[in-house]
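Novice: The structure's right below; bear with me while I get my questions together.
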Amino acid sequence: MSKFNIGDKVKYIGPDHAEFSDFYPLYGTIGEIKEDRSDHYWVQWPKGSTSDDDYWSCDEINLEAIKTNKNEMI
């Protein structure tokens, strides 16, 4: 079962930006899940936060759900 759904807002919490800034945004950057592939997610990051079109795959372990209150995503 997937941890996130298409359209969920997530925060990047991984350590990889320093070494791979073309693919991973700064820690704390907010993005949106666009695709769920069984072993990773494709996330649209804000313009200019990575490279190219700011659309990259990311492992679940490096993402955290953004919540506004108990069970509601923003």
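Simple scheme: letters A, B, ... for chains in structure tokens order, numbers from 1 for residues in each chain, numbers from 1 for ligands in the order shown.
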Considering only C-alpha atoms, return as a ChimeraX atom specification whatever protein or nucleic-acid residues lie within 9 Å of Trp42 in chain A, sequence-local ones (same chain, fewer than 6 positions apart) excluded.
Specialist: /A:32-36,55-59
Novice: How would the residues just chosen look if you wrote them out with all heavy atoms as a compact mmCIF listing (two decimals), in the first residue's frame?
Specialist:
# COMPACT_ATOMS: atom_id res chain seq x y z
N GLU A 32 4.65 18.27 -4.96
CA GLU A 32 3.39 17.55 -5.12
C GLU A 32 3.62 16.22 -5.82
O GLU A 32 4.30 16.17 -6.85
CB GLU A 32 2.41 18.39 -5.94
CG GLU A 32 1.06 17.75 -6.10
CD GLU A 32 0.08 18.62 -6.87
OE1 GLU A 32 0.26 19.85 -6.94
OE2 GLU A 32 -0.89 18.05 -7.40
N ILE A 33 3.04 15.16 -5.26
CA ILE A 33 3.13 13.83 -5.86
C ILE A 33 2.35 13.84 -7.17
O ILE A 33 1.17 14.18 -7.19
CB ILE A 33 2.55 12.74 -4.93
CG1 ILE A 33 3.29 12.70 -3.59
CG2 ILE A 33 2.55 11.37 -5.62
CD1 ILE A 33 4.68 12.16 -3.61
N LYS A 34 3.02 13.43 -8.25
CA LYS A 34 2.37 13.38 -9.57
C LYS A 34 2.20 11.96 -10.08
O LYS A 34 1.28 11.69 -10.84
CB LYS A 34 3.18 14.19 -10.59
CG LYS A 34 3.22 15.66 -10.30
CD LYS A 34 1.86 16.27 -10.47
CE LYS A 34 1.89 17.78 -10.34
NZ LYS A 34 0.60 18.39 -10.58
N GLU A 35 3.09 11.04 -9.68
CA GLU A 35 3.00 9.65 -10.09
C GLU A 35 3.42 8.75 -8.94
O GLU A 35 4.32 9.09 -8.18
CB GLU A 35 3.93 9.34 -11.27
CG GLU A 35 3.56 10.00 -12.56
CD GLU A 35 4.51 9.59 -13.67
OE1 GLU A 35 4.60 8.37 -13.96
OE2 GLU A 35 5.17 10.48 -14.22
N ASP A 36 2.77 7.61 -8.83
CA ASP A 36 3.11 6.61 -7.83
C ASP A 36 3.54 5.35 -8.57
O ASP A 36 2.72 4.67 -9.18
CB ASP A 36 1.91 6.33 -6.94
CG ASP A 36 2.15 5.23 -5.92
OD1 ASP A 36 3.26 4.67 -5.88
OD2 ASP A 36 1.22 4.93 -5.16
N TYR A 55 11.02 17.99 -12.07
CA TYR A 55 10.16 16.82 -11.94
C TYR A 55 11.06 15.60 -11.85
O TYR A 55 11.67 15.21 -12.85
CB TYR A 55 9.24 16.75 -13.17
CG TYR A 55 8.20 15.65 -13.14
CD1 TYR A 55 7.20 15.65 -12.19
CD2 TYR A 55 8.23 14.62 -14.07
CE1 TYR A 55 6.23 14.66 -12.17
CE2 TYR A 55 7.27 13.63 -14.06
CZ TYR A 55 6.27 13.66 -13.11
OH TYR A 55 5.33 12.67 -13.10
N TRP A 56 11.16 15.01 -10.64
CA TRP A 56 12.10 13.91 -10.42
C TRP A 56 11.49 12.85 -9.52
O TRP A 56 10.59 13.12 -8.75
CB TRP A 56 13.38 14.43 -9.78
CG TRP A 56 14.09 15.41 -10.64
CD1 TRP A 56 14.10 16.78 -10.48
CD2 TRP A 56 14.87 15.14 -11.79
NE1 TRP A 56 14.84 17.36 -11.47
CE2 TRP A 56 15.33 16.36 -12.30
CE3 TRP A 56 15.23 13.97 -12.46
CZ2 TRP A 56 16.12 16.46 -13.43
CZ3 TRP A 56 16.03 14.08 -13.59
CH2 TRP A 56 16.47 15.32 -14.06
N SER A 57 12.06 11.65 -9.62
CA SER A 57 11.60 10.57 -8.75
C SER A 57 12.27 10.69 -7.38
O SER A 57 13.36 11.26 -7.25
CB SER A 57 11.91 9.20 -9.36
OG SER A 57 13.30 8.97 -9.41
N CYS A 58 11.61 10.16 -6.38
CA CYS A 58 12.10 10.24 -5.02
C CYS A 58 11.59 9.03 -4.23
O CYS A 58 10.43 8.64 -4.38
CB CYS A 58 11.60 11.53 -4.38
SG CYS A 58 12.42 11.97 -2.85
N ASP A 59 12.45 8.48 -3.41
CA ASP A 59 12.04 7.36 -2.56
C ASP A 59 11.15 7.85 -1.42
O ASP A 59 11.33 8.96 -0.91
CB ASP A 59 13.26 6.66 -1.97
CG ASP A 59 14.08 5.95 -3.03
OD1 ASP A 59 13.52 5.55 -4.06
OD2 ASP A 59 15.30 5.81 -2.82
Novice: Taking only C-alpha atoms into account, which of A:Pro46, A:Asp39, A:Phe23, A:Asp54 comes nearest Lys9 in chain A?
Specialist: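 With only C-alpha atoms as the atom set, the closest residue is A:Pro46.
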Novice: Which residue gives the smallest distance to Phe20 in chain A among A:Asp8, A:Tyr41, A:Thr50, A:Leu63, with only C-alpha atoms counted?
Specialist: A:Thr50
Novice: Please determine, counting only C-alpha atoms, which residue among A:Lys3, A:Lys47, A:Lys67, A:Lys11 has the shortest atom-to-atom distance to Ile30 in chain A.
Specialist: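 Answer, going by the shortest atom-to-atom distance: A:Lys11.
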Novice: I'd like the neighbourhood of Gly31 in chain A as a VMD selection string, where a residue qualifies if any of its atoms comes within 6 Å (using only C-alpha atoms), though same-chain residues fewer than 2 positions away should be ignored.
Specialist: chain A and resid 9 to 10 44 to 45
Novice: Using only C-alpha atoms, which residue out of A:Val43, A:Tyr12, A:Asn5, A:Asn62 lies closest to Pro25 in chain A?
Specialist: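 Smallest distance to Pro25 in chain A is found for A:Tyr12.
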Novice: Nearest to Ile13 in chain A: which of A:Ile66, A:Tyr27, A:Ser49, A:His40 is it, counting only C-alpha atoms?
Specialist: A:Tyr27
Novice: Taking the backbone alone, and naming residues the way the document does, which bits of chain A are strand (DSSP E) by DSSP, as a ChimeraX atom specification?
Specialist: /A:9-12,30-37,40-44,55-58,63-65,67-69,72-73
Novice: Keeping C-alpha atoms, export the residues of the selection given above as a short mmCIF file (atom, residue, chain, number, x, y, z; two decimals), in the first residue's frame.
Specialist:
data_model
loop_
_atom_site.label_atom_id
_atom_site.label_comp_id
_atom_site.auth_asym_id
_atom_site.auth_seq_id
_atom_site.Cartn_x
_atom_site.Cartn_y
_atom_site.Cartn_z
CA LYS A 9 1.81 17.73 -0.86
CA VAL A 10 5.09 16.45 0.53
CA LYS A 11 8.24 17.89 2.06
CA TYR A 12 11.68 16.70 0.99
CA ILE A 30 7.46 21.36 -0.66
CA GLY A 31 6.37 19.47 -3.77
CA GLU A 32 3.39 17.55 -5.12
CA ILE A 33 3.13 13.83 -5.86
CA LYS A 34 2.37 13.38 -9.57
CA GLU A 35 3.00 9.65 -10.09
CA ASP A 36 3.11 6.61 -7.83
CA ARG A 37 5.33 3.84 -9.12
CA HIS A 40 9.24 5.41 -5.80
CA TYR A 41 7.23 8.58 -6.40
CA TRP A 42 7.55 11.25 -9.06
CA VAL A 43 7.35 14.69 -7.48
CA GLN A 44 6.88 18.11 -9.07
CA TYR A 55 10.16 16.82 -11.94
CA TRP A 56 12.10 13.91 -10.42
CA SER A 57 11.60 10.57 -8.75
CA CYS A 58 12.10 10.24 -5.02
CA LEU A 63 9.39 12.40 1.78
CA GLU A 64 7.13 13.57 4.57
CA ALA A 65 3.41 14.35 4.29
CA LYS A 67 -0.64 18.14 7.11
CA THR A 68 -2.78 21.11 8.08
CA ASN A 69 -4.66 19.36 10.88
CA GLU A 72 -6.18 16.67 6.22
CA MET A 73 -3.49 17.24 3.59
#
